[in-house]
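Enquirer: File input25.cif below, mmCIF, C-alpha atoms and all ligand atoms:
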```
data_run
#
loop_
_atom_site.group_PDB
_atom_site.id
_atom_site.type_symbol
_atom_site.label_atom_id
_atom_site.label_comp_id
_atom_site.auth_asym_id
_atom_site.auth_seq_id
_atom_site.Cartn_x
_atom_site.Cartn_y
_atom_site.Cartn_z
ATOM 1 C CA MET A 1 -20.128 6.553 -2.194
ATOM 2 C CA GLY A 2 -20.030 5.755 -5.935
ATOM 3 C CA GLU A 3 -18.716 2.557 -7.456
ATOM 4 C CA PHE A 4 -15.040 1.880 -6.714
ATOM 5 C CA ASP A 5 -12.708 2.948 -9.525
ATOM 6 C CA ALA A 6 -9.199 1.497 -9.157
ATOM 7 C CA ALA A 7 -7.901 3.940 -11.808
ATOM 8 C CA ALA A 8 -9.066 7.098 -10.013
ATOM 9 C CA TYR A 9 -6.062 7.630 -7.731
ATOM 10 C CA GLY A 10 -3.579 7.466 -10.601
ATOM 11 C CA ARG A 11 -5.616 9.807 -12.797
ATOM 12 C CA THR A 12 -5.026 12.693 -10.394
ATOM 13 C CA ILE A 13 -1.478 11.988 -9.223
ATOM 14 C CA ALA A 14 0.503 9.873 -11.730
ATOM 15 C CA ASP A 15 2.483 12.726 -13.334
ATOM 16 C CA ILE A 16 3.748 14.019 -9.960
ATOM 17 C CA TYR A 17 3.683 10.803 -7.886
ATOM 18 C CA ASP A 18 7.432 10.204 -7.934
ATOM 19 C CA GLU A 19 8.121 13.815 -6.998
ATOM 20 C CA MET A 20 5.609 13.631 -4.138
ATOM 21 C CA VAL A 21 7.074 10.478 -2.585
ATOM 22 C CA GLY A 22 10.719 11.038 -3.505
ATOM 23 C CA HIS A 23 11.646 11.882 0.091
ATOM 24 C CA VAL A 24 10.597 8.425 1.370
ATOM 25 C CA PRO A 25 13.606 6.083 1.479
ATOM 26 C CA THR A 26 13.179 2.797 -0.380
ATOM 27 C CA GLY A 27 16.399 1.052 0.699
ATOM 28 C CA PRO A 28 15.117 -0.631 3.883
ATOM 29 C CA ALA A 29 11.903 -1.853 2.182
ATOM 30 C CA VAL A 30 13.793 -3.277 -0.776
ATOM 31 C CA GLU A 31 16.321 -4.994 1.488
ATOM 32 C CA ARG A 32 13.612 -6.549 3.710
ATOM 33 C CA VAL A 33 11.432 -7.727 0.813
ATOM 34 C CA PHE A 34 14.485 -9.108 -0.973
ATOM 35 C CA ARG A 35 15.358 -11.210 2.093
ATOM 36 C CA LEU A 36 11.792 -12.357 2.758
ATOM 37 C CA ALA A 37 11.346 -13.417 -0.880
ATOM 38 C CA GLN A 38 14.185 -15.953 -0.590
ATOM 39 C CA GLY A 39 14.911 -15.839 -4.312
ATOM 40 C CA GLY A 40 11.391 -14.898 -5.472
ATOM 41 C CA PRO A 41 9.396 -14.527 -7.621
ATOM 42 C CA VAL A 42 7.525 -11.487 -6.259
ATOM 43 C CA LEU A 43 4.103 -10.112 -7.197
ATOM 44 C CA GLU A 44 3.383 -6.521 -6.169
ATOM 45 C CA PHE A 45 -0.255 -5.482 -5.747
ATOM 46 C CA GLY A 46 -0.501 -1.749 -6.569
ATOM 47 C CA ILE A 47 2.900 -1.675 -8.258
ATOM 48 C CA GLY A 48 2.398 1.973 -9.273
ATOM 49 C CA THR A 49 5.399 3.631 -10.897
ATOM 50 C CA GLY A 50 7.748 0.868 -9.731
ATOM 51 C CA ARG A 51 9.213 2.710 -6.739
ATOM 52 C CA LEU A 52 9.933 -0.664 -5.054
ATOM 53 C CA ALA A 53 9.518 -3.083 -7.965
ATOM 54 C CA LEU A 54 12.326 -1.622 -10.072
ATOM 55 C CA PRO A 55 15.016 -1.801 -7.375
ATOM 56 C CA LEU A 56 13.801 -5.311 -6.459
ATOM 57 C CA ALA A 57 14.162 -6.383 -10.092
ATOM 58 C CA ALA A 58 17.590 -4.727 -10.173
ATOM 59 C CA ARG A 59 18.568 -6.997 -7.268
ATOM 60 C CA GLY A 60 17.866 -9.969 -9.547
ATOM 61 C CA LEU A 61 14.363 -10.937 -8.417
ATOM 62 C CA THR A 62 11.664 -11.805 -10.919
ATOM 63 C CA VAL A 63 8.932 -9.232 -10.279
ATOM 64 C CA ALA A 64 5.402 -8.926 -11.665
ATOM 65 C CA GLY A 65 2.719 -6.415 -10.760
ATOM 66 C CA VAL A 66 -0.933 -5.504 -10.701
ATOM 67 C CA ASP A 67 -2.265 -1.971 -10.843
ATOM 68 C CA GLY A 68 -5.641 -0.415 -11.510
ATOM 69 C CA SER A 69 -4.193 2.733 -13.025
ATOM 70 C CA PRO A 70 -2.974 2.798 -16.645
ATOM 71 C CA ASP A 71 -1.524 6.264 -15.875
ATOM 72 C CA MET A 72 0.722 4.925 -13.097
ATOM 73 C CA VAL A 73 1.762 1.939 -15.232
ATOM 74 C CA ALA A 74 2.657 4.272 -18.126
ATOM 75 C CA ILE A 75 5.156 6.060 -15.849
ATOM 76 C CA LEU A 76 6.655 2.690 -14.841
ATOM 77 C CA ARG A 77 6.917 1.687 -18.513
ATOM 78 C CA GLY A 78 8.894 4.848 -19.296
ATOM 79 C CA LYS A 79 11.649 4.061 -16.769
ATOM 80 C CA PRO A 80 14.759 1.984 -17.486
ATOM 81 C CA GLY A 81 13.797 -1.666 -16.932
ATOM 82 C CA GLY A 82 10.099 -0.769 -16.596
ATOM 83 C CA ASP A 83 9.159 -2.508 -19.822
ATOM 84 C CA ARG A 84 10.577 -5.805 -18.514
ATOM 85 C CA ILE A 85 8.147 -6.051 -15.580
ATOM 86 C CA PRO A 86 4.868 -7.712 -16.581
ATOM 87 C CA VAL A 87 1.928 -5.730 -15.199
ATOM 88 C CA THR A 88 -1.720 -6.753 -15.209
ATOM 89 C CA VAL A 89 -4.069 -3.780 -15.208
ATOM 90 C CA GLY A 90 -6.952 -4.570 -12.878
ATOM 91 C CA ASP A 91 -8.205 -4.571 -9.310
ATOM 92 C CA PHE A 92 -5.807 -6.521 -7.091
ATOM 93 C CA SER A 93 -8.645 -7.744 -4.884
ATOM 94 C CA GLU A 94 -9.897 -9.920 -7.720
ATOM 95 C CA VAL A 95 -7.584 -10.055 -10.718
ATOM 96 C CA ASN A 96 -5.806 -13.300 -11.608
ATOM 97 C CA VAL A 97 -2.131 -13.328 -12.593
ATOM 98 C CA GLU A 98 -0.486 -16.400 -14.046
ATOM 99 C CA GLY A 99 1.981 -18.162 -11.765
ATOM 100 C CA ARG A 100 2.531 -18.782 -8.068
ATOM 101 C CA PHE A 101 4.809 -16.459 -6.130
ATOM 102 C CA ALA A 102 7.139 -16.680 -3.137
ATOM 103 C CA LEU A 103 5.952 -13.282 -1.935
ATOM 104 C CA VAL A 104 3.041 -10.922 -2.600
ATOM 105 C CA LEU A 105 3.734 -7.320 -1.616
ATOM 106 C CA LEU A 106 1.139 -4.647 -0.751
ATOM 107 C CA ALA A 107 3.135 -1.611 0.374
ATOM 108 C CA PHE A 108 2.690 2.058 1.167
ATOM 109 C CA ASN A 109 -0.762 1.941 2.828
ATOM 110 C CA THR A 110 -2.397 0.689 -0.359
ATOM 111 C CA VAL A 111 -4.508 -1.970 1.386
ATOM 112 C CA PHE A 112 -6.654 0.914 2.699
ATOM 113 C CA ALA A 113 -7.351 2.082 -0.852
ATOM 114 C CA LEU A 114 -9.791 -0.827 -1.070
ATOM 115 C CA PRO A 115 -13.198 0.649 -0.265
ATOM 116 C CA SER A 116 -14.693 -1.891 2.166
ATOM 117 C CA GLN A 117 -13.959 -4.724 4.562
ATOM 118 C CA ASP A 118 -15.360 -7.151 1.978
ATOM 119 C CA ALA A 119 -12.910 -5.890 -0.652
ATOM 120 C CA GLN A 120 -10.021 -6.198 1.798
ATOM 121 C CA VAL A 121 -11.036 -9.757 2.726
ATOM 122 C CA ARG A 122 -11.157 -10.573 -1.009
ATOM 123 C CA CYS A 123 -7.694 -9.033 -1.401
ATOM 124 C CA PHE A 124 -6.195 -11.293 1.288
ATOM 125 C CA ARG A 125 -7.819 -14.307 -0.397
ATOM 126 C CA ASN A 126 -6.450 -13.185 -3.753
ATOM 127 C CA ALA A 127 -2.964 -12.772 -2.286
ATOM 128 C CA ALA A 128 -3.174 -16.300 -0.832
ATOM 129 C CA ALA A 129 -4.329 -17.662 -4.198
ATOM 130 C CA HIS A 130 -1.130 -16.318 -5.790
ATOM 131 C CA LEU A 131 1.264 -17.755 -3.204
ATOM 132 C CA ARG A 132 3.180 -20.984 -3.221
ATOM 133 C CA PRO A 133 2.700 -23.067 -0.051
ATOM 134 C CA GLY A 134 4.700 -21.306 2.683
ATOM 135 C CA GLY A 135 4.809 -18.086 0.621
ATOM 136 C CA ARG A 136 4.544 -14.676 2.247
ATOM 137 C CA PHE A 137 2.070 -11.801 2.007
ATOM 138 C CA VAL A 138 3.756 -8.582 3.166
ATOM 139 C CA ILE A 139 1.742 -5.477 4.025
ATOM 140 C CA GLU A 140 2.971 -2.022 4.984
ATOM 141 C CA THR A 141 0.399 0.412 6.318
ATOM 142 C CA TRP A 142 -0.421 2.949 9.026
ATOM 143 C CA VAL A 143 -2.086 2.374 12.374
ATOM 144 C CA PRO A 144 -5.404 4.265 12.662
ATOM 145 C CA ASP A 145 -5.203 7.243 15.033
ATOM 146 C CA PRO A 146 -8.675 8.734 15.665
ATOM 147 C CA ALA A 147 -7.198 10.803 18.539
ATOM 148 C CA ALA A 148 -5.438 12.958 15.934
ATOM 149 C CA PHE A 149 -8.852 14.299 14.837
ATOM 150 C CA ARG A 150 -10.945 17.060 16.421
ATOM 151 C CA ASP A 151 -14.617 17.009 15.533
ATOM 152 C CA ARG A 152 -13.664 14.238 13.102
ATOM 153 C CA THR A 153 -11.594 16.556 10.927
ATOM 154 C CA ALA A 154 -7.872 17.259 10.736
ATOM 155 C CA LEU A 155 -5.578 19.558 8.816
ATOM 156 C CA ARG A 156 -1.912 18.541 8.681
ATOM 157 C CA LEU A 157 1.124 20.232 7.267
ATOM 158 C CA LEU A 158 2.988 17.480 5.389
ATOM 159 C CA SER A 159 5.855 19.499 3.957
ATOM 160 C CA LEU A 160 7.030 23.069 3.853
ATOM 161 C CA GLY A 161 9.595 24.445 1.438
ATOM 162 C CA GLU A 162 10.260 27.694 -0.357
ATOM 163 C CA ASP A 163 8.809 26.347 -3.612
ATOM 164 C CA GLU A 164 6.321 23.811 -2.339
ATOM 165 C CA VAL A 165 3.854 23.391 0.529
ATOM 166 C CA VAL A 166 1.757 20.254 0.998
ATOM 167 C CA VAL A 167 -1.203 20.208 3.384
ATOM 168 C CA GLU A 168 -3.654 17.360 3.958
ATOM 169 C CA ALA A 169 -7.295 17.885 4.906
ATOM 170 C CA ALA A 170 -8.975 14.786 6.323
ATOM 171 C CA ARG A 171 -12.418 13.767 7.527
ATOM 172 C CA LEU A 172 -13.007 10.653 9.610
ATOM 173 C CA SER A 173 -16.134 8.477 9.612
ATOM 174 C CA PRO A 174 -15.470 6.149 12.561
ATOM 175 C CA ALA A 175 -18.679 4.162 12.106
ATOM 176 C CA GLU A 176 -17.536 3.133 8.624
ATOM 177 C CA GLN A 177 -13.789 3.100 9.467
ATOM 178 C CA PHE A 178 -13.357 5.486 6.601
ATOM 179 C CA MET A 179 -11.097 8.494 6.081
ATOM 180 C CA HIS A 180 -11.579 10.919 3.198
ATOM 181 C CA THR A 181 -8.483 12.983 2.446
ATOM 182 C CA THR A 182 -7.452 15.614 -0.044
ATOM 183 C CA LYS A 183 -3.856 16.755 -0.224
ATOM 184 C CA LEU A 184 -3.340 20.348 -1.342
ATOM 185 C CA ARG A 185 -0.056 20.790 -3.145
ATOM 186 C CA MET A 186 0.900 24.402 -3.688
ATOM 187 C CA THR A 187 3.842 25.223 -5.921
ATOM 188 C CA THR A 188 4.854 28.158 -8.105
ATOM 189 C CA ASP A 189 2.851 26.393 -10.881
ATOM 190 C CA GLY A 190 -0.352 26.657 -8.846
ATOM 191 C CA LEU A 191 -2.556 24.429 -6.717
ATOM 192 C CA ARG A 192 -3.209 20.698 -7.211
ATOM 193 C CA LEU A 193 -5.927 18.806 -5.333
ATOM 194 C CA LEU A 194 -5.053 15.160 -4.705
ATOM 195 C CA PRO A 195 -7.996 13.209 -3.244
ATOM 196 C CA ALA A 196 -7.591 9.730 -1.725
ATOM 197 C CA ASN A 197 -9.970 7.606 0.313
ATOM 198 C CA HIS A 198 -8.960 5.091 2.932
ATOM 199 C CA ARG A 199 -11.036 2.281 4.437
ATOM 200 C CA TYR A 200 -8.809 1.831 7.448
ATOM 201 C CA ALA A 201 -8.454 -1.240 9.661
ATOM 202 C CA TRP A 202 -6.636 -1.984 12.886
ATOM 203 C CA PRO A 203 -3.718 -4.411 12.679
ATOM 204 C CA CYS A 204 -5.653 -7.181 14.419
ATOM 205 C CA GLU A 205 -8.460 -6.881 11.842
ATOM 206 C CA LEU A 206 -5.881 -7.480 9.122
ATOM 207 C CA ASP A 207 -4.631 -10.522 11.060
ATOM 208 C CA LEU A 208 -8.152 -11.906 11.022
ATOM 209 C CA MET A 209 -8.422 -11.334 7.260
ATOM 210 C CA ALA A 210 -5.195 -13.296 6.880
ATOM 211 C CA ARG A 211 -6.626 -16.175 8.899
ATOM 212 C CA LEU A 212 -9.774 -16.205 6.773
ATOM 213 C CA ALA A 213 -7.478 -16.603 3.770
ATOM 214 C CA GLY A 214 -5.513 -19.511 5.272
ATOM 215 C CA MET A 215 -2.480 -17.475 6.374
ATOM 216 C CA GLU A 216 -0.939 -16.761 9.745
ATOM 217 C CA ARG A 217 1.150 -13.872 10.967
ATOM 218 C CA GLU A 218 4.868 -14.491 11.036
ATOM 219 C CA HIS A 219 6.152 -10.970 11.901
ATOM 220 C CA ARG A 220 4.932 -7.519 12.761
ATOM 221 C CA TRP A 221 7.436 -4.675 12.833
ATOM 222 C CA ALA A 222 7.046 -0.912 13.184
ATOM 223 C CA ASP A 223 9.031 -0.325 9.994
ATOM 224 C CA TRP A 224 11.085 -2.004 7.284
ATOM 225 C CA SER A 225 14.161 -2.020 9.543
ATOM 226 C CA CYS A 226 12.347 -4.435 11.880
ATOM 227 C CA ALA A 227 11.954 -1.958 14.770
ATOM 228 C CA PRO A 228 9.695 -3.521 17.418
ATOM 229 C CA PHE A 229 5.984 -2.807 17.037
ATOM 230 C CA THR A 230 4.850 -1.048 20.246
ATOM 231 C CA ASP A 231 1.941 0.924 21.756
ATOM 232 C CA ASP A 232 3.377 4.053 20.117
ATOM 233 C CA SER A 233 3.917 2.642 16.634
ATOM 234 C CA ARG A 234 2.139 4.684 13.964
ATOM 235 C CA ALA A 235 2.735 2.173 11.147
ATOM 236 C CA HIS A 236 3.432 -1.502 10.691
ATOM 237 C CA VAL A 237 4.996 -3.982 8.342
ATOM 238 C CA SER A 238 3.175 -7.289 8.734
ATOM 239 C CA VAL A 239 4.285 -10.573 7.241
ATOM 240 C CA TYR A 240 1.762 -13.399 6.769
ATOM 241 C CA ARG A 241 2.579 -16.930 5.654
ATOM 242 C CA LEU A 242 0.366 -19.215 3.661
ATOM 243 C CA LEU A 243 -0.173 -22.352 5.711
ATOM 244 C CA GLU A 244 0.875 -25.576 4.040
ATOM 245 C CA SER A 245 -2.245 -27.698 3.568
HETATM 246 C C1 LIG B 301 0.196 4.713 -2.964
HETATM 247 S S1 LIG B 301 0.459 4.013 -4.547
HETATM 248 C C2 LIG B 301 1.766 2.864 -4.166
HETATM 249 C C3 LIG B 301 2.565 2.485 -5.371
HETATM 250 C C4 LIG B 301 3.790 1.622 -5.090
HETATM 251 N N1 LIG B 301 3.427 0.368 -4.467
HETATM 252 C C5 LIG B 301 4.771 2.367 -4.201
HETATM 253 O O1 LIG B 301 5.115 1.836 -3.142
HETATM 254 O O2 LIG B 301 5.173 3.467 -4.569
HETATM 255 C C6 LIG B 301 -0.954 2.937 -4.691
HETATM 256 C C7 LIG B 301 -1.042 2.238 -6.037
HETATM 257 O O3 LIG B 301 -2.051 1.229 -5.957
HETATM 258 C C8 LIG B 301 -2.927 1.320 -7.062
HETATM 259 N N2 LIG B 301 -4.238 0.815 -6.603
HETATM 260 C C9 LIG B 301 -5.011 1.298 -5.611
HETATM 261 N N3 LIG B 301 -6.087 0.514 -5.424
HETATM 262 C C10 LIG B 301 -5.990 -0.495 -6.333
HETATM 263 C C11 LIG B 301 -6.768 -1.646 -6.616
HETATM 264 N N4 LIG B 301 -7.877 -1.944 -5.932
HETATM 265 N N5 LIG B 301 -6.345 -2.473 -7.592
HETATM 266 C C12 LIG B 301 -5.218 -2.204 -8.289
HETATM 267 N N6 LIG B 301 -4.428 -1.144 -8.053
HETATM 268 C C13 LIG B 301 -4.799 -0.299 -7.088
HETATM 269 C C14 LIG B 301 -2.901 2.792 -7.468
HETATM 270 O O4 LIG B 301 -3.253 2.969 -8.818
HETATM 271 C C15 LIG B 301 -1.452 3.155 -7.186
HETATM 272 O O5 LIG B 301 -0.632 2.906 -8.285
#
```
Spell out the structure here as structure tokens.
Expert:
Amino acid sequence: MGEFDAAAYGRTIADIYDEMVGHVPTGPAVERVFRLAQGGPVLEFGIGTGRLALPLAARGLTVAGVDGSPDMVAILRGKPGGDRIPVTVGDFSEVNVEGRFALVLLAFNTVFALPSQDAQVRCFRNAAAHLRPGGRFVIETWVPDPAAFRDRTALRLLSLGEDEVVVEAARLSPAEQFMHTTKLRMTTDGLRLLPANHRYAWPCELDLMARLAGMEREHRWADWSCAPFTDDSRAHVSVYRLLES
């Protein structure tokens, strides 16, 4: 694997990102983060095109962001209110942003975009370093499911329409806890290849990273509506609190 490039994801997807994720509702996430922030301010790691940050700001919260992709940030900047959200371009596992926040958000599986356990541990420490005492680090991500793979590969149909079909090809490396994926988006304009790599971790490994960073778990839900997290849950929203020292 080459050196990690936090701008790579956005280079391939930024112009169609909002179209690709438009079917995912944002209301429950915005409502939950708004409540957990208790008045803010909020810092979003991997703010992207502002899918969550803009509606949070519209609710009256002060929101800042970090993103590694100038392409994604350019899309955010072009939206109404996007120029009022300060964004630091850099790697959220190490970049420093001025201020201390009530809540740091890392949504939409983005913690797994970090390429190694070391980088993820650094990310938890960096989140803690940006929190006020008692502040919250909120993560939304999927639960690894190696059983969904045969011979360590999988091909999934993600969406099917008359004008668009999206398929995902994935390869698992269990020894490294790594999943390479490429989405194939076929439209009347042609074919787009959208690669993304994921260094995945089980929920309890994330809990341990939080402890190493001086945080403890306050909640774990199966989704933003606070459904109970169970044996069958395929995703989780986990809330960690910075311990008061
Ligand atoms: C899946 S998108 C999520 C965007 C937004 N949070 C949302 O919910 O729509 C992941 C974002 O994280 C950014 N990103 C990934 N790894 C990063 C890193 N190590 N440092 C900074 N940004 C990163 C990508 O550029 C992209 O904008």
Enquirer: What is the distance, in Å and to one decimal place, between CA of Asp118 (chain A) and CA of Met209 (chain A)?
Expert: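 Computing the Euclidean distance for CA of Asp118 (chain A) and CA of Met209 (chain A) yields 9.7 Å.
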Enquirer: Which residue out of A:Ala154, A:Leu208, A:Leu172, A:Leu56 has the minimum interatomic distance to Phe34 (chain A) when only C-alpha atoms are used?
Expert: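 The closest residue to Phe34 (chain A) is A:Leu56.
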Enquirer: Using all atoms listed in the file for the distances, tell me which of A:Leu194, A:Ala129, A:Leu184, A:Ala147 is nearest to ligand LIG 301 (chain B).
Expert: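 Of A:Leu194, A:Ala129, A:Leu184, A:Ala147, the one nearest ligand LIG 301 (chain B), counting all atoms listed in the file, is A:Leu194.
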Enquirer: Just so the selection is clear, what residues does the PyMOL selection byres (((chain A and resi 176) around 10) and not hetatm) cover here, as number ranges by chain?
Expert: A: 116-117, 172-175, 177-179, 199-200
Enquirer: Could you take the residues named above and write them with C-alpha atoms, as a PDB file, keeping the file's coordinate frame?
Expert:
```pdb
ATOM      1  CA  SER A 116     -14.693  -1.891   2.166  1.00  0.00           C
ATOM      2  CA  GLN A 117     -13.959  -4.724   4.562  1.00  0.00           C
ATOM      3  CA  LEU A 172     -13.007  10.653   9.610  1.00  0.00           C
ATOM      4  CA  SER A 173     -16.134   8.477   9.612  1.00  0.00           C
ATOM      5  CA  PRO A 174     -15.470   6.149  12.561  1.00  0.00           C
ATOM      6  CA  ALA A 175     -18.679   4.162  12.106  1.00  0.00           C
ATOM      7  CA  GLN A 177     -13.789   3.100   9.467  1.00  0.00           C
ATOM      8  CA  PHE A 178     -13.357   5.486   6.601  1.00  0.00           C
ATOM      9  CA  MET A 179     -11.097   8.494   6.081  1.00  0.00           C
ATOM     10  CA  ARG A 199     -11.036   2.281   4.437  1.00  0.00           C
ATOM     11  CA  TYR A 200      -8.809   1.831   7.448  1.00  0.00           C
TER      12      TYR A 200
END
```
Enquirer: Show me, as a list in words, the residues that have an atom within 7 Å of Met186 (chain A) when counting all atoms listed in the file, minus same-chain residues fewer than 3 positions from it.
Expert: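 Listed by chain and then number, they are Glu164, Val165, Val166, Gly190, Leu191 and Arg192 of chain A.
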Enquirer: Which polymer residues, whether protein, DNA or RNA, lie within 8 Å of the coordinate (-2.6, -4.9, 9.9) when you count only C-alpha atoms? List them as a PyMOL selection string, using the chain letters and numbers from the file.
Expert: chain A and resi 139-141+143+201-207+236-238
Enquirer: So which residues get picked by the PyMOL selection byres (((chain A and resi 156) around 7) and not hetatm) here, written as a list in words?
Expert: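 Expected selection for the PyMOL selection byres (((chain A and resi 156) around 7) and not hetatm) here is Ala154, Leu155, Leu157, Leu158, Val167, Glu168 and Ala169 of chain A.
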Enquirer: Give me, as a list in words, all polymer residues having an atom no more than 9 Å from region 65-70 of chain A, counting only C-alpha atoms and skipping those fewer than 4 positions away in the same chain.
Expert: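 Listed by chain and then number, they are Asp5, Ala6, Ala7, Ala8, Tyr9, Gly10, Arg11, Ala14, Val42, Leu43, Glu44, Phe45, Gly46, Ile47, Gly48, Gly50, Ala53, Ala74, Ile75, Ile85, Pro86, Val87, Thr88, Val89, Gly90, Asp91, Phe92, Val95 and Val97 of chain A.
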Enquirer: Smallest atom-to-atom distance to ligand LIG 301 (chain B): which of A:Ala213, A:Cys123, A:Ala107, A:Ile16, using only C-alpha atoms and all ligand atoms?
Expert: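 Of all the options, A:Ala107 lies closest to ligand LIG 301 (chain B).
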Enquirer: May I ask for the distance between CA of Pro146 (chain A) and CA of Asp232 (chain A), given in Å to one decimal place?
Expert: 13.7 Å
Enquirer: Between A:Glu244, A:Asp71, A:Asp163, A:Asp223, which one has atoms that come closest to ligand LIG 301 (chain B), using all atoms listed in the file?
Expert: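 Closest to ligand LIG 301 (chain B), using all atoms listed in the file: A:Asp71.
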Enquirer: For the atom pair CA of Glu162 (chain A) and CA of Thr188 (chain A), what is the interatomic distance in Å to one decimal place?
Expert: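 Answer for the CA of Glu162 (chain A) to CA of Thr188 (chain A) separation: 9.5 Å.
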Enquirer: Evaluate the PyMOL selection byres (((chain A and resi 136) around 12) and not hetatm) here and jot the selected residues down as a ChimeraX atom specification.
Expert: /A:33-38,40-44,100-106,124,127-135,137-139,210,214-219,238-244
Enquirer: Would you compute the box with edges along x, y and z of the file around region 203-219 of chain A, including every atom the file lists for it and 8 Å extra on each side, and give its centre and edge lengths in Å to one decimal, as lines of an AutoDock Vina configuration file?
Expert:
```
center_x = -1.8
center_y = -12.0
center_z = 9.1
size_x = 31.9
size_y = 31.1
size_z = 26.6
```
Enquirer: Can you work out which one of A:His198, A:Arg84, A:Arg32, A:Arg59 has the shortest atom-to-atom distance to ligand LIG 301 (chain B), counting all atoms listed in the file?
Expert: A:His198
Enquirer: Go through A:Phe149, A:Tyr17, A:Phe4, A:Phe108 one by one, measure the shortest atom-to-atom distance of each to Leu52 (chain A) using all atoms listed in the file, and give the residue with the smallest value.
Expert: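 Nearest to Leu52 (chain A): A:Phe108.
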